[in-house]
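The structure file data21.csv is reproduced below (CSV, C-alpha atoms).
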```csv
chain,number,residue,atom,x,y,z
L,1,MET,CA,16.6,-30.0,20.8
L,2,ASP,CA,15.6,-26.4,20.4
L,3,ARG,CA,13.1,-24.9,22.7
L,4,VAL,CA,10.9,-21.9,22.1
L,5,PRO,CA,11.2,-19.4,24.9
L,6,ILE,CA,8.1,-18.3,26.7
L,7,LEU,CA,8.2,-14.7,28.2
L,8,LYS,CA,5.8,-13.4,30.8
L,9,ILE,CA,4.7,-9.8,30.4
L,10,GLY,CA,2.2,-8.8,33.0
L,11,ASP,CA,-0.9,-10.9,32.6
L,12,ILE,CA,0.3,-12.2,29.2
L,13,LEU,CA,2.6,-15.0,28.1
L,14,LEU,CA,4.5,-14.1,24.9
L,15,VAL,CA,5.8,-16.8,22.7
L,16,SER,CA,7.9,-15.6,19.8
L,17,ILE,CA,8.8,-18.5,17.5
L,18,GLN,CA,12.1,-17.7,15.8
L,19,ILE,CA,13.2,-21.3,14.7
L,20,ASP,CA,11.8,-23.8,12.3
L,21,MET,CA,8.8,-25.4,13.7
L,22,GLU,CA,9.6,-29.1,13.6
L,23,ASP,CA,7.0,-31.5,15.0
L,24,GLN,CA,9.0,-32.1,18.2
L,25,VAL,CA,9.4,-28.4,18.8
L,26,ALA,CA,5.7,-27.8,18.4
L,27,LEU,CA,4.8,-30.6,20.8
L,28,GLN,CA,7.4,-29.4,23.3
L,29,LEU,CA,5.9,-25.9,23.1
L,30,GLN,CA,2.4,-27.2,23.7
L,31,GLU,CA,3.6,-28.9,26.9
L,32,ASP,CA,5.7,-26.0,28.1
L,33,LEU,CA,3.0,-23.5,27.6
L,34,ALA,CA,0.4,-25.6,29.5
L,35,ASP,CA,2.9,-25.8,32.4
L,36,ARG,CA,3.6,-22.1,32.3
L,37,ILE,CA,-0.1,-21.0,32.2
L,38,VAL,CA,-0.8,-23.1,35.3
L,39,ALA,CA,2.4,-21.9,37.0
L,40,THR,CA,1.9,-18.2,36.3
L,41,GLY,CA,-1.9,-18.0,36.2
L,42,CYS,CA,-1.8,-15.8,33.2
L,43,HIS,CA,-4.9,-15.1,31.2
L,44,GLY,CA,-3.6,-14.4,27.8
L,45,VAL,CA,-1.2,-16.1,25.4
L,46,ILE,CA,0.3,-14.4,22.3
L,47,ILE,CA,2.1,-16.6,19.8
L,48,ASP,CA,4.1,-14.5,17.4
L,49,ILE,CA,4.8,-16.4,14.1
L,50,SER,CA,6.1,-13.5,12.1
L,51,ALA,CA,9.5,-15.2,11.6
L,52,LEU,CA,7.9,-18.4,10.3
L,53,ASP,CA,8.2,-19.0,6.5
L,54,ILE,CA,6.3,-22.3,6.6
L,55,VAL,CA,3.3,-23.3,8.6
L,56,ASP,CA,2.3,-26.9,7.7
L,57,SER,CA,-0.8,-28.7,8.6
L,58,PHE,CA,0.7,-30.2,11.7
L,59,VAL,CA,1.9,-26.8,13.1
L,60,GLY,CA,-1.6,-25.4,12.2
L,61,ARG,CA,-3.2,-28.2,14.2
L,62,THR,CA,-0.8,-27.8,17.1
L,63,LEU,CA,-1.7,-24.0,17.2
L,64,ALA,CA,-5.4,-25.0,17.4
L,65,THR,CA,-4.7,-27.5,20.1
L,66,ILE,CA,-2.7,-24.9,22.1
L,67,ALA,CA,-5.6,-22.5,21.8
L,68,SER,CA,-8.0,-25.1,23.1
L,69,ILE,CA,-5.7,-26.1,26.0
L,70,SER,CA,-5.3,-22.5,27.0
L,71,ARG,CA,-9.0,-21.9,26.9
L,72,VAL,CA,-9.5,-24.8,29.3
L,73,LEU,CA,-7.0,-23.2,31.6
L,74,ASP,CA,-8.8,-19.8,31.3
L,75,ALA,CA,-6.3,-18.1,29.0
L,76,GLU,CA,-7.2,-16.6,25.6
L,77,THR,CA,-4.7,-17.3,22.8
L,78,VAL,CA,-4.0,-14.9,19.9
L,79,VAL,CA,-1.7,-15.9,17.0
L,80,VAL,CA,-0.1,-12.8,15.6
L,81,GLY,CA,2.1,-11.7,12.7
L,82,MET,CA,1.3,-14.4,10.2
L,83,ARG,CA,3.0,-13.6,6.9
L,84,PRO,CA,0.9,-13.0,3.7
L,85,ALA,CA,2.6,-16.0,2.0
L,86,VAL,CA,1.8,-18.3,4.9
L,87,ALA,CA,-1.8,-17.1,5.0
L,88,ILE,CA,-2.2,-17.7,1.2
L,89,THR,CA,-0.7,-21.2,1.5
L,90,LEU,CA,-3.0,-22.1,4.4
L,91,VAL,CA,-6.0,-20.9,2.5
L,92,GLU,CA,-5.0,-22.8,-0.7
L,93,LEU,CA,-4.5,-25.9,1.5
L,94,GLY,CA,-8.0,-25.3,2.8
L,95,LEU,CA,-6.8,-24.8,6.4
L,96,SER,CA,-8.7,-21.8,7.9
L,97,LEU,CA,-7.6,-22.6,11.5
L,98,PRO,CA,-11.0,-22.3,13.1
L,99,GLY,CA,-11.0,-21.5,16.7
L,100,ILE,CA,-7.8,-19.5,16.6
L,101,ARG,CA,-7.9,-15.8,17.1
L,102,THR,CA,-5.5,-13.7,15.1
L,103,ALA,CA,-4.1,-10.2,15.0
L,104,LEU,CA,-1.7,-8.4,12.7
L,105,ASN,CA,1.1,-7.9,15.2
L,106,VAL,CA,1.9,-8.2,18.9
L,107,GLU,CA,0.6,-4.7,19.6
L,108,TRP,CA,-2.8,-5.5,18.2
L,109,GLY,CA,-2.7,-8.9,19.9
L,110,MET,CA,-2.2,-7.3,23.3
L,111,GLU,CA,-5.0,-4.8,22.7
L,112,LEU,CA,-7.3,-7.6,21.7
L,113,LEU,CA,-6.5,-9.6,24.8
L,114,ALA,CA,-6.9,-6.5,27.0
L,115,GLN,CA,-10.3,-5.7,25.5
L,116,GLU,CA,-11.4,-9.3,25.9
L,117,ARG,CA,-10.4,-9.3,29.6
L,118,PHE,CA,-12.2,-6.0,30.1
L,119,THR,CA,-15.5,-7.3,28.8
L,120,LEU,CA,-15.1,-10.5,30.7
L,121,ASP,CA,-14.3,-8.8,34.0
L,122,LEU,CA,-17.4,-6.7,33.5
L,123,GLY,CA,-19.5,-9.8,32.9
L,124,ASP,CA,-18.1,-11.4,36.1
L,125,GLU,CA,-18.8,-8.5,38.5
L,126,GLU,CA,-21.7,-6.2,37.9
L,127,GLY,CA,-21.0,-2.4,38.0
L,128,GLY,CA,-17.2,-2.4,37.3
L,129,PRO,CA,-15.2,0.8,36.9
L,130,GLU,CA,-17.0,3.8,35.4
L,131,GLU,CA,-15.1,4.0,32.1
L,132,ALA,CA,-15.6,0.3,31.7
L,133,GLY,CA,-19.3,0.8,31.5
L,134,THR,CA,-19.1,3.2,28.6
L,135,SER,CA,-16.8,0.8,26.7
L,136,THR,CA,-19.3,-2.1,26.9
L,137,VAL,CA,-22.1,0.1,25.7
L,138,SER,CA,-20.3,0.9,22.5
L,139,ALA,CA,-19.0,-2.6,22.2
L,140,SER,CA,-22.3,-4.3,22.4
V,141,MET,CA,19.8,-27.9,-51.2
V,142,ALA,CA,22.5,-26.4,-49.1
V,143,LEU,CA,24.7,-23.5,-50.2
V,144,GLY,CA,28.2,-24.7,-50.8
V,145,PRO,CA,31.2,-22.4,-50.0
V,146,GLU,CA,31.8,-21.8,-53.7
V,147,GLU,CA,28.3,-20.7,-54.4
V,148,ALA,CA,28.4,-18.6,-51.2
V,149,TYR,CA,31.5,-16.7,-52.5
V,150,ARG,CA,29.9,-16.3,-55.9
V,151,PHE,CA,26.8,-14.7,-54.4
V,152,ALA,CA,28.9,-12.6,-52.1
V,153,ALA,CA,30.7,-11.3,-55.1
V,154,LEU,CA,27.4,-10.6,-56.9
V,155,LEU,CA,26.1,-8.8,-53.9
V,156,GLU,CA,29.1,-6.6,-53.9
V,157,GLU,CA,29.3,-6.0,-57.7
V,158,GLU,CA,25.6,-5.3,-58.3
V,159,GLN,CA,25.0,-3.6,-55.1
V,160,GLU,CA,23.3,-0.5,-56.5
V,161,ALA,CA,20.9,-2.5,-58.7
V,162,LEU,CA,20.2,-4.9,-56.0
V,163,VAL,CA,19.5,-2.3,-53.3
V,164,GLY,CA,17.3,-0.4,-55.7
V,165,ALA,CA,15.2,-3.3,-56.8
V,166,TRP,CA,15.0,-4.6,-53.2
V,167,THR,CA,13.9,-1.3,-51.8
V,168,ASP,CA,11.3,-0.9,-54.5
V,169,ARG,CA,9.8,-4.2,-53.7
V,170,VAL,CA,9.7,-3.5,-49.9
V,171,ALA,CA,8.4,0.0,-50.4
V,172,LEU,CA,5.5,-1.5,-52.5
V,173,SER,CA,4.4,-3.8,-49.7
V,174,LEU,CA,4.8,-1.2,-46.9
V,175,ARG,CA,2.8,1.4,-48.9
V,176,GLY,CA,4.7,4.4,-47.8
V,177,ARG,CA,4.6,3.9,-44.1
V,178,LEU,CA,8.3,4.2,-44.0
V,179,SER,CA,10.2,6.8,-46.1
V,180,ARG,CA,12.2,5.6,-49.1
V,181,ALA,CA,15.4,6.9,-47.6
V,182,GLU,CA,14.9,5.0,-44.4
V,183,LEU,CA,14.1,1.8,-46.3
V,184,GLU,CA,17.1,2.2,-48.5
V,185,ARG,CA,19.3,2.6,-45.5
V,186,GLN,CA,17.8,-0.6,-44.0
V,187,THR,CA,18.2,-2.7,-47.2
V,188,SER,CA,21.7,-1.6,-47.8
V,189,GLU,CA,22.6,-2.5,-44.2
V,190,LEU,CA,21.0,-5.9,-44.8
V,191,ARG,CA,22.8,-6.3,-48.0
V,192,LYS,CA,26.1,-5.7,-46.2
V,193,GLY,CA,25.0,-8.3,-43.6
V,194,PHE,CA,24.2,-10.9,-46.3
V,195,HIS,CA,27.5,-10.1,-48.1
V,196,ALA,CA,29.5,-10.5,-44.9
V,197,ALA,CA,27.8,-13.8,-44.0
V,198,LEU,CA,28.2,-15.2,-47.5
V,199,ALA,CA,31.8,-14.0,-47.9
V,200,GLY,CA,32.5,-15.7,-44.6
V,201,GLY,CA,31.4,-19.0,-46.3
V,202,SER,CA,28.1,-19.5,-44.4
V,203,SER,CA,26.1,-22.4,-45.8
V,204,ASP,CA,23.3,-21.8,-43.3
V,205,LEU,CA,22.2,-19.2,-40.9
V,206,GLY,CA,23.3,-21.0,-37.7
V,207,GLN,CA,27.0,-20.5,-38.4
V,208,GLU,CA,29.4,-18.3,-36.6
V,209,SER,CA,30.0,-16.1,-39.7
V,210,ALA,CA,26.3,-15.3,-40.0
V,211,ALA,CA,26.1,-14.1,-36.4
V,212,GLU,CA,26.2,-10.4,-37.5
V,213,LEU,CA,23.4,-11.1,-40.1
V,214,ARG,CA,21.2,-12.7,-37.4
V,215,ALA,CA,21.7,-9.8,-35.1
V,216,GLN,CA,20.7,-7.4,-37.9
V,217,LEU,CA,17.6,-9.5,-38.8
V,218,SER,CA,16.4,-9.7,-35.2
V,219,GLU,CA,16.9,-6.0,-34.7
V,220,LEU,CA,15.0,-5.2,-37.9
V,221,SER,CA,12.0,-7.5,-37.0
V,222,GLY,CA,12.0,-6.2,-33.4
V,223,ALA,CA,11.7,-2.6,-34.7
V,224,ARG,CA,9.0,-3.6,-37.2
V,225,ALA,CA,7.0,-5.4,-34.5
V,226,ARG,CA,7.2,-2.3,-32.2
V,227,GLN,CA,6.1,-0.1,-35.1
V,228,GLY,CA,3.0,-2.2,-35.7
V,229,PHE,CA,3.9,-3.8,-39.0
V,230,SER,CA,2.4,-7.2,-39.8
V,231,ALA,CA,4.5,-10.4,-39.9
V,232,THR,CA,4.1,-10.5,-43.7
V,233,GLU,CA,5.3,-7.0,-44.1
V,234,THR,CA,8.3,-7.8,-42.0
V,235,ALA,CA,9.2,-11.0,-43.8
V,236,VAL,CA,8.9,-9.3,-47.2
V,237,SER,CA,11.9,-7.2,-46.4
V,238,VAL,CA,14.0,-10.3,-46.6
V,239,PHE,CA,12.1,-12.2,-49.3
V,240,ALA,CA,12.4,-9.3,-51.7
V,241,LEU,CA,16.1,-10.0,-51.9
V,242,LYS,CA,15.3,-13.1,-53.9
V,243,GLU,CA,13.5,-11.2,-56.6
V,244,ALA,CA,16.2,-8.6,-56.7
V,245,MET,CA,18.8,-11.3,-57.0
V,246,LEU,CA,17.0,-13.0,-59.8
V,247,ALA,CA,17.0,-9.8,-61.8
V,248,VAL,CA,20.8,-9.4,-61.6
V,249,LEU,CA,21.6,-13.1,-62.2
V,250,HIS,CA,22.8,-13.4,-65.8
V,251,GLY,CA,22.5,-16.4,-67.9
V,252,ASP,CA,20.0,-19.2,-67.5
V,253,ASP,CA,21.8,-22.5,-67.6
V,254,ALA,CA,21.1,-25.3,-65.2
V,255,ALA,CA,24.1,-24.6,-62.9
V,256,ASN,CA,22.9,-21.0,-62.5
V,257,LEU,CA,19.5,-22.3,-61.6
V,258,ARG,CA,20.8,-24.7,-59.1
V,259,ASP,CA,22.9,-22.0,-57.4
V,260,TYR,CA,19.9,-19.7,-57.3
V,261,VAL,CA,17.8,-22.4,-55.6
V,262,ALA,CA,20.5,-22.9,-53.0
V,263,PHE,CA,20.7,-19.1,-52.4
V,264,SER,CA,17.0,-18.9,-52.2
V,265,GLY,CA,17.1,-21.6,-49.5
V,266,PHE,CA,19.5,-19.4,-47.5
V,267,VAL,CA,17.2,-16.4,-47.9
V,268,ASP,CA,14.2,-18.5,-46.8
V,269,GLU,CA,16.1,-19.4,-43.7
V,270,ALA,CA,16.8,-15.8,-43.0
V,271,ALA,CA,13.2,-14.9,-43.5
V,272,LEU,CA,12.1,-17.6,-41.2
V,273,PHE,CA,14.5,-16.3,-38.6
V,274,THR,CA,13.0,-12.8,-39.1
V,275,PHE,CA,9.6,-14.3,-38.6
V,276,ASP,CA,10.7,-16.0,-35.4
V,277,SER,CA,12.2,-12.8,-34.0
V,278,TYR,CA,9.1,-10.9,-35.0
V,279,VAL,CA,6.9,-13.3,-33.0
V,280,HIS,CA,9.3,-13.2,-30.2
V,281,ALA,CA,9.3,-9.4,-30.1
V,282,ARG,CA,5.5,-9.3,-30.2
V,283,GLU,CA,5.2,-11.8,-27.4
V,284,GLY,CA,7.5,-9.7,-25.3
V,285,LEU,CA,5.4,-6.7,-26.0
V,286,ILE,CA,2.2,-8.5,-25.0
V,287,ALA,CA,3.8,-9.9,-21.8
V,288,ASP,CA,5.0,-6.4,-20.9
V,289,GLN,CA,1.6,-4.9,-21.4
V,290,ALA,CA,-0.2,-7.7,-19.5
V,291,GLU,CA,2.2,-7.0,-16.6
V,292,GLN,CA,1.6,-3.3,-16.8
V,293,LEU,CA,-2.1,-3.9,-16.8
V,294,LEU,CA,-1.9,-6.1,-13.8
V,295,GLU,CA,0.1,-3.4,-12.0
V,296,LEU,CA,-2.3,-0.6,-13.0
V,297,SER,CA,-5.4,-2.4,-12.0
V,298,THR,CA,-4.7,-3.4,-8.5
V,299,PRO,CA,-4.0,-0.4,-6.3
V,300,VAL,CA,-4.4,-0.7,-2.5
V,301,VAL,CA,-5.3,2.6,-0.9
V,302,LYS,CA,-5.2,3.7,2.7
V,303,LEU,CA,-8.6,5.3,3.4
V,304,TRP,CA,-8.1,6.0,7.1
V,305,GLU,CA,-5.8,5.2,9.9
V,306,GLY,CA,-6.2,1.4,10.2
V,307,VAL,CA,-8.5,1.1,7.1
V,308,VAL,CA,-7.2,0.1,3.6
V,309,ALA,CA,-9.3,-0.4,0.5
V,310,VAL,CA,-8.9,-2.3,-2.8
V,311,PRO,CA,-11.1,-0.9,-5.5
V,312,LEU,CA,-11.4,-3.8,-8.0
V,313,VAL,CA,-11.9,-2.8,-11.6
V,314,GLY,CA,-12.4,-5.2,-14.4
V,315,THR,CA,-12.8,-9.0,-14.6
V,316,LEU,CA,-11.2,-10.9,-11.8
V,317,ASP,CA,-9.4,-14.0,-13.1
V,318,SER,CA,-7.1,-16.2,-11.1
V,319,ALA,CA,-3.9,-14.4,-11.9
V,320,ARG,CA,-5.3,-11.0,-10.9
V,321,ALA,CA,-7.0,-12.4,-7.9
V,322,GLN,CA,-3.6,-13.8,-6.8
V,323,VAL,CA,-2.0,-10.4,-7.3
V,324,VAL,CA,-4.8,-8.6,-5.5
V,325,MET,CA,-4.6,-11.0,-2.6
V,326,GLU,CA,-0.8,-10.7,-2.2
V,327,ARG,CA,-0.9,-6.9,-2.5
V,328,LEU,CA,-3.7,-6.5,0.0
V,329,LEU,CA,-2.1,-8.8,2.6
V,330,GLN,CA,1.2,-7.1,2.2
V,331,THR,CA,-0.3,-3.7,2.7
V,332,LEU,CA,-2.1,-5.0,5.8
V,333,VAL,CA,1.2,-5.9,7.2
V,334,ASP,CA,3.0,-2.8,6.1
V,335,THR,CA,0.4,-0.4,7.4
V,336,GLY,CA,-0.7,-2.5,10.4
V,337,SER,CA,-4.4,-1.9,9.4
V,338,PRO,CA,-6.9,-4.3,11.0
V,339,TYR,CA,-9.6,-3.5,8.5
V,340,ALA,CA,-9.7,-3.9,4.7
V,341,ILE,CA,-12.5,-3.0,2.3
V,342,ILE,CA,-12.8,-4.9,-0.9
V,343,ASP,CA,-14.8,-2.7,-3.3
V,344,ILE,CA,-16.3,-4.6,-6.2
V,345,THR,CA,-18.1,-1.7,-7.9
V,346,GLY,CA,-16.0,-2.0,-11.0
V,347,VAL,CA,-16.3,-5.8,-11.3
V,348,PRO,CA,-18.7,-6.4,-14.2
V,349,ALA,CA,-19.9,-9.8,-13.1
V,350,VAL,CA,-19.5,-12.1,-10.1
V,351,ASP,CA,-19.6,-15.8,-10.7
V,352,THR,CA,-18.8,-18.6,-8.4
V,353,GLN,CA,-15.1,-18.4,-9.3
V,354,VAL,CA,-14.8,-14.7,-8.6
V,355,ALA,CA,-16.6,-15.2,-5.3
V,356,GLN,CA,-14.3,-18.0,-4.5
V,357,HIS,CA,-11.3,-15.7,-5.1
V,358,ILE,CA,-12.8,-13.0,-2.9
V,359,LEU,CA,-13.6,-15.5,-0.1
V,360,LYS,CA,-10.1,-16.8,-0.2
V,361,THR,CA,-8.7,-13.3,0.2
V,362,VAL,CA,-11.0,-12.7,3.2
V,363,VAL,CA,-10.1,-15.9,4.9
V,364,ALA,CA,-6.3,-15.2,4.4
V,365,ALA,CA,-6.7,-11.7,5.8
V,366,ARG,CA,-8.6,-13.3,8.8
V,367,LEU,CA,-5.7,-15.7,9.4
V,368,MET,CA,-3.4,-12.7,9.6
V,369,GLY,CA,-5.7,-11.0,12.0
V,370,ALA,CA,-7.5,-8.4,9.8
V,371,ASP,CA,-11.2,-8.1,9.0
V,372,CYS,CA,-12.5,-7.7,5.4
V,373,ILE,CA,-15.6,-5.9,4.4
V,374,ILE,CA,-17.0,-6.3,0.9
V,375,SER,CA,-18.6,-3.2,-0.6
V,376,GLY,CA,-20.0,-1.9,-3.8
V,377,ILE,CA,-22.3,-4.7,-4.5
V,378,ARG,CA,-24.7,-3.6,-7.3
V,379,PRO,CA,-28.3,-4.8,-7.3
V,380,GLN,CA,-27.9,-7.2,-10.2
V,381,ILE,CA,-24.8,-8.6,-8.7
V,382,ALA,CA,-26.6,-9.2,-5.4
V,383,GLN,CA,-29.3,-11.0,-7.3
V,384,THR,CA,-26.6,-13.2,-9.1
V,385,ILE,CA,-24.9,-13.9,-5.8
V,386,VAL,CA,-28.2,-15.2,-4.3
V,387,ALA,CA,-29.2,-17.0,-7.5
V,388,LEU,CA,-25.9,-18.8,-7.6
V,389,GLY,CA,-26.2,-19.7,-3.9
V,390,ILE,CA,-22.9,-18.1,-2.9
V,391,GLU,CA,-22.6,-17.9,0.8
V,392,PHE,CA,-20.5,-15.0,2.3
V,393,GLY,CA,-21.0,-16.4,5.8
V,394,ASP,CA,-20.2,-13.9,8.5
V,395,ILE,CA,-18.3,-11.6,6.2
V,396,ALA,CA,-19.7,-8.0,6.3
V,397,THR,CA,-21.1,-6.9,3.0
V,398,LYS,CA,-22.1,-3.3,2.3
V,399,ALA,CA,-23.8,-1.6,-0.6
V,400,SER,CA,-21.4,1.3,-0.9
V,401,LEU,CA,-17.8,2.1,0.0
V,402,ALA,CA,-19.1,4.9,2.3
V,403,ASP,CA,-21.2,2.4,4.3
V,404,ALA,CA,-18.2,0.1,4.6
V,405,LEU,CA,-15.9,2.9,5.8
V,406,ARG,CA,-18.5,4.0,8.4
V,407,TYR,CA,-18.7,0.4,9.6
V,408,ALA,CA,-15.0,0.0,9.8
V,409,LEU,CA,-14.6,3.3,11.6
V,410,ASN,CA,-17.2,2.3,14.1
V,411,LYS,CA,-15.4,-0.9,14.7
V,412,THR,CA,-12.0,0.9,15.2
V,413,ARG,CA,-13.6,3.3,17.6
V,414,THR,CA,-15.0,0.4,19.6
V,415,ARG,CA,-11.6,-1.3,19.6
V,416,GLU,CA,-9.8,1.9,20.8
V,417,SER,CA,-12.2,2.8,23.6
```

Here is the file; what I need is its structure written in the form of C-alpha cells.
Amino acid sequence: MDRVPILKIGDILLVSIQIDMEDQVALQLQEDLADRIVATGCHGVIIDISALDIVDSFVGRTLATIASISRVLDAETVVVGMRPAVAITLVELGLSLPGIRTALNVEWGMELLAQERFTLDLGDEEGGPEEAGTSTVSAS
Amino acid sequence: MALGPEEAYRFAALLEEEQEALVGAWTDRVALSLRGRLSRAELERQTSELRKGFHAALAGGSSDLGQESAAELRAQLSELSGARARQGFSATETAVSVFALKEAMLAVLHGDDAANLRDYVAFSGFVDEAALFTFDSYVHAREGLIADQAEQLLELSTPVVKLWEGVVAVPLVGTLDSARAQVVMERLLQTLVDTGSPYAIIDITGVPAVDTQVAQHILKTVVAARLMGADCIISGIRPQIAQTIVALGIEFGDIATKASLADALRYALNKTRTRES
C-alpha cells in the first residue's frame, strides 16, 4: 500500500499528498502523523493537497480528525493548496470542513503557523522579545 | 406527393430553359418582401445561384432534399439563411426567398391539364422542403448567435482585478444568476491561486437586487475561498440592499461586510500588515 511521506522542516511537519487518497491511505496517514508528532515534538503540521483532484467526504472528515488529533498533541494543522474545483465541490456537497485552518499555499501556511506560535509564546511567558510586543499590539 | 425522377428532370429542364423569366419573377417577389434592404443586383445574384442549385439537384434526380444529389443545394440554403440571420432579417423574409420560386415557376408552367397540376404539386412539395430546411438553418444560425453573445456577456461581466499585493476584487455588475455565480466563483478562486492573494473583495455595488438566492451564491463563494485559505470581504452594500438583507433574514455570519470598496481595501490592507509584521 502507498504511504504518504511526512517531512520534518524545523518545527513543522510537512505532508504533501501526491497520490490518490484512498480510505486506507488516509487512515494510515492519520496514524503515522500522530506517531511523528509525538516522536518529533513538532508544533505545526502542514498538509498540502494541491495535487489532489478529488476530496470526498471521507477524506474531508479524516482531515478534520487529523486536525483534532494534532491539536490534542499541541500541534496546529493547516491544510494548504486546495484546488478551486475541489473547494467548489466541497461547498456544493455542504462540507465546509469546520475546525480546519486553510492557507493558499505552503508559504502562507508556514507564515500562519509561525504567527500562531508567536502569539502563543507571548501568551505563555509575559514580556517576550521586544519586536514580539509590537506585533501583538497590532494583531489584537 | 413525392417528386419522381421524370418530373424532376422535367423541372430541371424548365429551370434551365426559362431561367431568365424565372430569376426575374423570383427576384421581384423577394425584393418586394425585403423592401429594398438588399440591392436588386445582390438579390439577383442570390436567386440565380439558388436556381443553379435547384437545377443541379433536380437534374441529379433528387426526389427529396435529403439525397446526395441535393447536398450542394442544402449547403447553399444554409449559407443563405445563415447570412440572412446575421444581417437581422426575420424568418419569414428568409423563407420567402425560397417560397418565391413556386410563384415564379407557376408563371412559366404552360398548359393547365391535370398531369401538369400533379407535377406542380410535387415540385411545390420539394420547394416546401427546401424552405423548411432554410427555416431550420435560420433558427440554428440565430441560436448560435445568441449562444455566442451570452458567452461574451458572461466573459465581459466578470473581471477579477488585483487591487493590491495580496488583495483581489470582483466588481459584480448586473443580476447574479446561477450560471454567472458559478463563473464568478471559478474565476475568483482561480485568481486567488494564480496570484497567491489571501484576501478577496466581492463588490456588489452593481448588483441591482439581492435575494436569498444571490446571497446563497455569494456565501458559497466565500466558503469555497475559505476552504482554500483566503478571506473574502463583501463591499458595496447599498442602503436598500442592507434593508432587504435584514428583512429576508440573510445571515452573513462572521464574513466581513463593508459599505464601500475603499473601506474593504483598508480593512484588507490592515489585515495584511498584521500578517506581515

Original post:
Between V:Ala247, V:Ala365, V:Ala349, V:Ala231, which is the closest to L:Leu104 once you count all atoms listed in the file?
Top reply: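 The closest residue to L:Leu104 is V:Ala365.
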
Subject >> Straight-line distance linking atom CA of V:Ser202 with atom CA of V:Arg258, stated in Å to one decimal >> reply: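 Atom-to-atom, atom CA of V:Ser202 and atom CA of V:Arg258 are spaced 17.2 Å apart.
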
**OP:** Would you give me, as a count of residues only, the residues of chain L that come within 9 Å of chain V, using all atoms listed in the file?
**Re:** 33

**OP:** Please measure the separation of atom CA of V:Phe266 and atom CA of V:Arg214, giving the value in Å to one decimal.
**Re:**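 Calculated distance between atom CA of V:Phe266 and atom CA of V:Arg214 is 12.2 Å.
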
Fewer than 6 positions away in the same chain doesn't count, so skip those; otherwise give me all residues within 10 Å of L:Gln28, counting all atoms listed in the file, as a tab-separated table (two decimals) with C-alpha atoms, in the coordinates of the input.
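That gives us result_22.tsv:
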```
chain	number	residue	atom	x	y	z
L	1	MET	CA	16.60	-30.00	20.80
L	2	ASP	CA	15.60	-26.40	20.40
L	3	ARG	CA	13.10	-24.90	22.70
L	4	VAL	CA	10.90	-21.90	22.10
L	22	GLU	CA	9.60	-29.10	13.60
```

Original post:
Could you state the separation of atom CA of V:Ala225 and atom CA of V:Ala281 in Å, given to one decimal place?
Top reply: 6.4 Å

**OP:** Could you tell me which of V:Gln383, V:Gln186, V:Ser375, V:Ser173 comes closest to V:Tyr407 if we count all atoms listed in the file?
**Re:**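 Using all atoms listed in the file, V:Tyr407 sits closest to V:Ser375.
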